[in-house]
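Student: Take this structure, written in structure tokens, and hold onto it; I'll ask about it next.
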Amino acid sequence: MSGDRATGEGRRGLWWAWTLLVVVVVGAGGFAATRSGLLDVDRVEVVGVAGHLSSAQILDLAAIRLGEPMVNVDTDAVDRRITSEPWIEAVEVVREWPGSIRMSVLQRTAAVNAVDLVGRRALLDGGGTVLGAVVAPDTDLTTVRVDTLGQPGTVVPGVDLLLRAAADVTPDLGNWIEALVATGDGVRAELVGGVDAELGVGEDYRDEMRSLATVLTWVVLECLVTIDVSIHHNPVLVRDEARC
């Protein structure tokens, strides 16, 4: 009986040894497979709506090397590198086995020109993020005056009303408006010829812009100093005879 017991224990020991060997071999094989050319990065793809940055520029930011093992690609680090660029709002980096990396990119778009009190200029997106310094304003965008501009990627505080007003400037009014500026009463539009248009405070400025466009189209502008459309259905005009 003791011999049978010893034989059984020997067989069980041998079974465990073979099991351990198989696990080690399979694990080593799996690790080797992840390091083999079969699971290297063969392709890096950028998808998303085209914007300020080209696909080639985004690939440069990502810094993913073709031929490196897929498991070595740190997707979080790639995300940080790409979103360090102010023009990039968000990115999703996904491994697509066996050998592709796909990056879905959302780019910011310039909403306004901004100029601060010392004359520095930059483009801002619709949330007030500084996209980058510029020498000359974009003629297709409305200009807003702000106290100070931070570094690209920072958000300019207190510009919500200006951005709302700028979003509702129509192309015909864009030819009249030199700049939008925040005041204690809301938003003022500085117009060509030195006339100020008081727009007030609003959730949006569509009605105020329509009222201003009507005044500029139908009213004699001679001697005008101020156009107040903050109560859009009842615009008030102030003239200065000394300017006539």
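Chain labels A, B, ... are given in the sequence in which chains occur in the structure tokens; within each chain residues are numbered consecutively from 1, and ligands are likewise numbered from 1 in the order shown.
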Just asking: which residues within segment 46-205 of chain A are strand (DSSP E or B) according to DSSP, as a ChimeraX atom specification?
Tutor: /A:46-47,69,88-96,100-107,112-115,121-124,129-133,142-145,155,177-183,186-191,196-200
Student: As an MDAnalysis selection string, please: the residues near Ser55 of chain A (cut-off 9 Å, only C-alpha atoms, same-chain neighbours under 4 positions excluded).
Tutor: chainID A and resid 45:47 50 59:60
Student: Can you list, as a count of residues only, every protein, DNA or RNA residue that comes within 10 Å of Glu222 of chain A when you count only C-alpha atoms, leaving out same-chain residues fewer than 2 positions away?
Tutor: 9
Student: What's around Leu199 of chain A at 6 Å? Count only C-alpha atoms, leave out sequence neighbours fewer than 2 positions away in its own chain, and write the answer as a list of chain:residue names.
Tutor: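 Listing them by chain and then by number gives A:Val187, A:Arg188, A:Val229, A:Ser230.
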Student: Go ahead and save the picked residues with all heavy atoms, as a PDB file, in the first residue's frame.
Tutor:
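Printed below is selection-v6.pdb as written:
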```pdb
ATOM      1  N   VAL A 187     -21.479  94.544 -23.849  1.00  0.00           N
ATOM      2  CA  VAL A 187     -20.559  94.547 -24.981  1.00  0.00           C
ATOM      3  C   VAL A 187     -20.780  95.804 -25.809  1.00  0.00           C
ATOM      4  O   VAL A 187     -21.919  96.209 -26.050  1.00  0.00           O
ATOM      5  CB  VAL A 187     -20.763  93.300 -25.873  1.00  0.00           C
ATOM      6  CG1 VAL A 187     -19.884  93.367 -27.117  1.00  0.00           C
ATOM      7  CG2 VAL A 187     -20.467  92.030 -25.082  1.00  0.00           C
ATOM      8  N   ARG A 188     -19.672  96.398 -26.228  1.00  0.00           N
ATOM      9  CA  ARG A 188     -19.723  97.547 -27.134  1.00  0.00           C
ATOM     10  C   ARG A 188     -19.025  97.168 -28.435  1.00  0.00           C
ATOM     11  O   ARG A 188     -17.965  96.548 -28.419  1.00  0.00           O
ATOM     12  CB  ARG A 188     -19.034  98.752 -26.509  1.00  0.00           C
ATOM     13  CG  ARG A 188     -18.899  99.974 -27.442  1.00  0.00           C
ATOM     14  CD  ARG A 188     -18.159 101.092 -26.743  1.00  0.00           C
ATOM     15  NE  ARG A 188     -18.903 101.531 -25.568  1.00  0.00           N
ATOM     16  CZ  ARG A 188     -18.338 102.002 -24.461  1.00  0.00           C
ATOM     17  NH1 ARG A 188     -17.023 102.059 -24.361  1.00  0.00           N
ATOM     18  NH2 ARG A 188     -19.086 102.386 -23.441  1.00  0.00           N
ATOM     19  N   VAL A 229     -28.424  99.595 -29.112  1.00  0.00           N
ATOM     20  CA  VAL A 229     -29.405  98.568 -29.502  1.00  0.00           C
ATOM     21  C   VAL A 229     -29.522  97.512 -28.410  1.00  0.00           C
ATOM     22  O   VAL A 229     -29.951  96.387 -28.666  1.00  0.00           O
ATOM     23  CB  VAL A 229     -29.027  97.908 -30.853  1.00  0.00           C
ATOM     24  CG1 VAL A 229     -29.140  98.899 -32.001  1.00  0.00           C
ATOM     25  CG2 VAL A 229     -27.617  97.309 -30.788  1.00  0.00           C
ATOM     26  N   SER A 230     -29.142  97.871 -27.188  1.00  0.00           N
ATOM     27  CA  SER A 230     -29.241  96.912 -26.092  1.00  0.00           C
ATOM     28  C   SER A 230     -30.690  96.517 -25.844  1.00  0.00           C
ATOM     29  O   SER A 230     -30.974  95.396 -25.396  1.00  0.00           O
ATOM     30  CB  SER A 230     -28.622  97.484 -24.813  1.00  0.00           C
ATOM     31  OG  SER A 230     -29.238  98.707 -24.449  1.00  0.00           O
TER      32      SER A 230
END
```
Student: Taking only C-alpha atoms into account, name the residue in A:Leu173, A:Ile88, A:Gly67, A:Leu163 that is nearest to Gly186 of chain A.
Tutor: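 Smallest separation from Gly186 of chain A among the options: A:Leu163.
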Student: Hey, what's within 9 Å of Val41 of chain A if we count only C-alpha atoms and toss same-chain stuff fewer than 5 positions away? As a PyMOL selection string, please?
Tutor: chain A and resi 64-70+73+98-101
Student: Mind dumping the selected residues with N, CA, C and O atoms as a short mmCIF file (atom, residue, chain, number, x, y, z; two decimals), in the first residue's frame?
Tutor:
```cif
data_model
loop_
_atom_site.label_atom_id
_atom_site.label_comp_id
_atom_site.auth_asym_id
_atom_site.auth_seq_id
_atom_site.Cartn_x
_atom_site.Cartn_y
_atom_site.Cartn_z
N ILE A 64 5.16 58.12 -32.90
CA ILE A 64 5.07 56.66 -32.86
C ILE A 64 5.96 56.11 -33.98
O ILE A 64 5.82 56.51 -35.14
N ARG A 65 6.85 55.21 -33.64
CA ARG A 65 7.79 54.66 -34.62
C ARG A 65 7.22 53.41 -35.28
O ARG A 65 6.76 52.49 -34.59
N LEU A 66 7.22 53.42 -36.60
CA LEU A 66 6.85 52.20 -37.31
C LEU A 66 7.87 51.11 -36.98
O LEU A 66 9.07 51.37 -36.93
N GLY A 67 7.38 49.92 -36.74
CA GLY A 67 8.26 48.81 -36.43
C GLY A 67 8.44 48.54 -34.96
O GLY A 67 8.97 47.48 -34.58
N GLU A 68 8.02 49.48 -34.09
CA GLU A 68 8.14 49.20 -32.66
C GLU A 68 7.01 48.27 -32.23
O GLU A 68 5.94 48.23 -32.85
N PRO A 69 7.23 47.47 -31.18
CA PRO A 69 6.19 46.55 -30.73
C PRO A 69 4.92 47.30 -30.35
O PRO A 69 4.97 48.36 -29.72
N MET A 70 3.78 46.74 -30.72
CA MET A 70 2.50 47.36 -30.40
C MET A 70 2.34 47.58 -28.90
O MET A 70 1.81 48.60 -28.46
N VAL A 73 3.68 50.87 -27.27
CA VAL A 73 3.07 52.17 -27.55
C VAL A 73 2.26 52.60 -26.33
O VAL A 73 1.26 51.98 -25.97
N PRO A 98 -3.63 43.48 -35.67
CA PRO A 98 -2.32 43.18 -35.09
C PRO A 98 -1.26 44.28 -35.24
O PRO A 98 -0.26 44.23 -34.56
N GLY A 99 -1.50 45.31 -36.09
CA GLY A 99 -0.37 46.21 -36.31
C GLY A 99 -0.70 47.65 -36.63
O GLY A 99 0.12 48.33 -37.25
N SER A 100 -1.88 48.16 -36.22
CA SER A 100 -2.24 49.54 -36.55
C SER A 100 -2.55 50.35 -35.29
O SER A 100 -3.08 49.82 -34.32
N ILE A 101 -2.24 51.64 -35.35
CA ILE A 101 -2.62 52.61 -34.33
C ILE A 101 -3.51 53.65 -35.01
O ILE A 101 -3.12 54.25 -36.01
#
```
Student: Could you please write out, as an MDAnalysis selection string, every residue of segment 66-227 of chain A that DSSP assigns to helix (DSSP H, G or I)?
Tutor: chainID A and resid 70:72 75:83 160:167 171:174 206:218
Student: Take the residues just selected and output them with N, CA and C atoms as a short mmCIF file (atom, residue, chain, number, x, y, z; two decimals), in the first residue's frame.
Tutor:
```cif
data_model
loop_
_atom_site.label_atom_id
_atom_site.label_comp_id
_atom_site.auth_asym_id
_atom_site.auth_seq_id
_atom_site.Cartn_x
_atom_site.Cartn_y
_atom_site.Cartn_z
N MET A 70 3.78 46.74 -30.72
CA MET A 70 2.50 47.36 -30.40
C MET A 70 2.34 47.58 -28.90
N VAL A 71 2.82 46.61 -28.09
CA VAL A 71 2.65 46.72 -26.65
C VAL A 71 3.51 47.83 -26.05
N ASN A 72 4.50 48.32 -26.80
CA ASN A 72 5.35 49.39 -26.29
C ASN A 72 4.75 50.78 -26.49
N THR A 75 -0.30 54.74 -25.11
CA THR A 75 -1.36 55.56 -25.69
C THR A 75 -1.62 56.82 -24.87
N ASP A 76 -1.45 56.74 -23.56
CA ASP A 76 -1.64 57.94 -22.73
C ASP A 76 -0.57 58.98 -23.03
N ALA A 77 0.65 58.53 -23.23
CA ALA A 77 1.73 59.46 -23.54
C ALA A 77 1.52 60.09 -24.91
N VAL A 78 1.03 59.30 -25.86
CA VAL A 78 0.73 59.83 -27.19
C VAL A 78 -0.36 60.91 -27.08
N ASP A 79 -1.38 60.62 -26.28
CA ASP A 79 -2.45 61.59 -26.04
C ASP A 79 -1.88 62.90 -25.50
N ARG A 80 -1.01 62.82 -24.51
CA ARG A 80 -0.44 64.03 -23.91
C ARG A 80 0.40 64.81 -24.90
N ARG A 81 1.16 64.11 -25.74
CA ARG A 81 2.00 64.81 -26.71
C ARG A 81 1.15 65.57 -27.72
N ILE A 82 0.08 64.93 -28.17
CA ILE A 82 -0.75 65.57 -29.19
C ILE A 82 -1.55 66.73 -28.62
N THR A 83 -2.14 66.54 -27.44
CA THR A 83 -2.97 67.60 -26.87
C THR A 83 -2.14 68.71 -26.24
N ASP A 160 -16.60 85.56 -22.23
CA ASP A 160 -17.79 84.84 -22.69
C ASP A 160 -18.73 85.74 -23.50
N LEU A 161 -19.03 86.92 -22.98
CA LEU A 161 -19.95 87.83 -23.69
C LEU A 161 -19.38 88.25 -25.04
N LEU A 162 -18.08 88.53 -25.07
CA LEU A 162 -17.46 88.93 -26.34
C LEU A 162 -17.55 87.81 -27.37
N LEU A 163 -17.33 86.58 -26.93
CA LEU A 163 -17.39 85.44 -27.84
C LEU A 163 -18.81 85.20 -28.33
N ARG A 164 -19.79 85.39 -27.44
CA ARG A 164 -21.19 85.25 -27.87
C ARG A 164 -21.54 86.30 -28.91
N ALA A 165 -21.13 87.53 -28.66
CA ALA A 165 -21.43 88.60 -29.61
C ALA A 165 -20.72 88.36 -30.94
N ALA A 166 -19.47 87.95 -30.89
CA ALA A 166 -18.72 87.70 -32.12
C ALA A 166 -19.35 86.59 -32.95
N ALA A 167 -19.91 85.60 -32.27
CA ALA A 167 -20.53 84.47 -32.98
C ALA A 167 -21.73 84.92 -33.80
N PRO A 171 -21.72 88.69 -41.92
CA PRO A 171 -20.69 89.22 -42.82
C PRO A 171 -20.84 90.70 -43.15
N ASP A 172 -22.09 91.18 -43.33
CA ASP A 172 -22.27 92.60 -43.65
C ASP A 172 -21.87 93.48 -42.47
N LEU A 173 -22.17 93.05 -41.24
CA LEU A 173 -21.77 93.81 -40.07
C LEU A 173 -20.26 93.72 -39.82
N GLY A 174 -19.67 92.62 -40.25
CA GLY A 174 -18.23 92.48 -40.07
C GLY A 174 -17.44 93.58 -40.76
N ARG A 206 -28.23 87.87 -31.58
CA ARG A 206 -28.83 87.89 -32.92
C ARG A 206 -29.77 89.07 -33.10
N ASP A 207 -30.65 89.32 -32.11
CA ASP A 207 -31.59 90.44 -32.24
C ASP A 207 -30.86 91.78 -32.26
N GLU A 208 -29.87 91.92 -31.40
CA GLU A 208 -29.11 93.16 -31.35
C GLU A 208 -28.38 93.41 -32.67
N MET A 209 -27.83 92.36 -33.25
CA MET A 209 -27.12 92.51 -34.52
C MET A 209 -28.08 92.87 -35.65
N ARG A 210 -29.26 92.27 -35.64
CA ARG A 210 -30.25 92.62 -36.67
C ARG A 210 -30.67 94.09 -36.53
N SER A 211 -30.89 94.52 -35.29
CA SER A 211 -31.27 95.91 -35.05
C SER A 211 -30.17 96.86 -35.50
N LEU A 212 -28.92 96.53 -35.18
CA LEU A 212 -27.79 97.37 -35.59
C LEU A 212 -27.68 97.43 -37.11
N ALA A 213 -27.85 96.29 -37.77
CA ALA A 213 -27.78 96.28 -39.23
C ALA A 213 -28.87 97.15 -39.84
N THR A 214 -30.05 97.13 -39.26
CA THR A 214 -31.15 97.97 -39.75
C THR A 214 -30.81 99.45 -39.61
N VAL A 215 -30.28 99.85 -38.46
CA VAL A 215 -29.90 101.24 -38.25
C VAL A 215 -28.85 101.68 -39.25
N LEU A 216 -27.83 100.85 -39.44
CA LEU A 216 -26.75 101.22 -40.36
C LEU A 216 -27.22 101.29 -41.80
N THR A 217 -28.28 100.57 -42.12
CA THR A 217 -28.78 100.54 -43.49
C THR A 217 -29.72 101.71 -43.79
N TRP A 218 -30.56 102.08 -42.81
CA TRP A 218 -31.65 103.00 -43.09
C TRP A 218 -31.53 104.38 -42.44
#
```
Student: Neighbours of Arg108 of chain A within 7 Å (only C-alpha atoms; same-chain residues fewer than 2 positions away dropped), as a list in words?
Tutor: Trp87, Ile88, Glu89, Leu106, Ala110 and Asp125 of chain A
Student: Okay, now the selection with N, CA and C atoms, as a tab-separated table (two decimals), in the first residue's frame?
Tutor:
```
chain	number	residue	atom	x	y	z
A	87	TRP	N	-3.88	73.79	-30.76
A	87	TRP	CA	-4.91	73.63	-31.79
A	87	TRP	C	-5.66	72.30	-31.65
A	88	ILE	N	-5.17	71.39	-30.83
A	88	ILE	CA	-5.82	70.09	-30.64
A	88	ILE	C	-6.68	70.14	-29.39
A	89	GLU	N	-7.97	69.88	-29.55
A	89	GLU	CA	-8.88	69.87	-28.40
A	89	GLU	C	-8.93	68.52	-27.72
A	106	LEU	N	-9.75	65.74	-32.71
A	106	LEU	CA	-10.68	66.87	-32.80
A	106	LEU	C	-9.85	68.14	-32.68
A	110	ALA	N	-10.33	78.66	-35.05
A	110	ALA	CA	-10.24	80.05	-34.60
A	110	ALA	C	-11.61	80.71	-34.71
A	125	ASP	N	-10.16	80.39	-29.78
A	125	ASP	CA	-11.25	79.53	-30.22
A	125	ASP	C	-12.53	79.97	-29.52
```
Student: If you count only C-alpha atoms, which residues fall within 7 Å of segment 126-129 of chain A, apart from same-chain ones fewer than 4 positions away, as a PyMOL selection string?
Tutor: chain A and resi 111+153-156+159+163
Student: Using C-alpha atoms, can you write the selected residues to a file as an mmCIF file, in the first residue's frame?
Tutor:
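Dumped everything to part.cif:
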```cif
data_model
loop_
_atom_site.group_PDB
_atom_site.id
_atom_site.type_symbol
_atom_site.label_atom_id
_atom_site.label_comp_id
_atom_site.auth_asym_id
_atom_site.auth_seq_id
_atom_site.Cartn_x
_atom_site.Cartn_y
_atom_site.Cartn_z
ATOM 1 C CA ALA A 111 -13.328 82.088 -33.629
ATOM 2 C CA GLY A 153 -3.111 76.806 -24.670
ATOM 3 C CA THR A 154 -4.268 79.046 -21.827
ATOM 4 C CA VAL A 155 -7.823 80.384 -21.565
ATOM 5 C CA VAL A 156 -8.504 84.123 -21.507
ATOM 6 C CA VAL A 159 -14.530 86.799 -22.570
ATOM 7 C CA LEU A 163 -17.390 85.443 -27.844
#
```
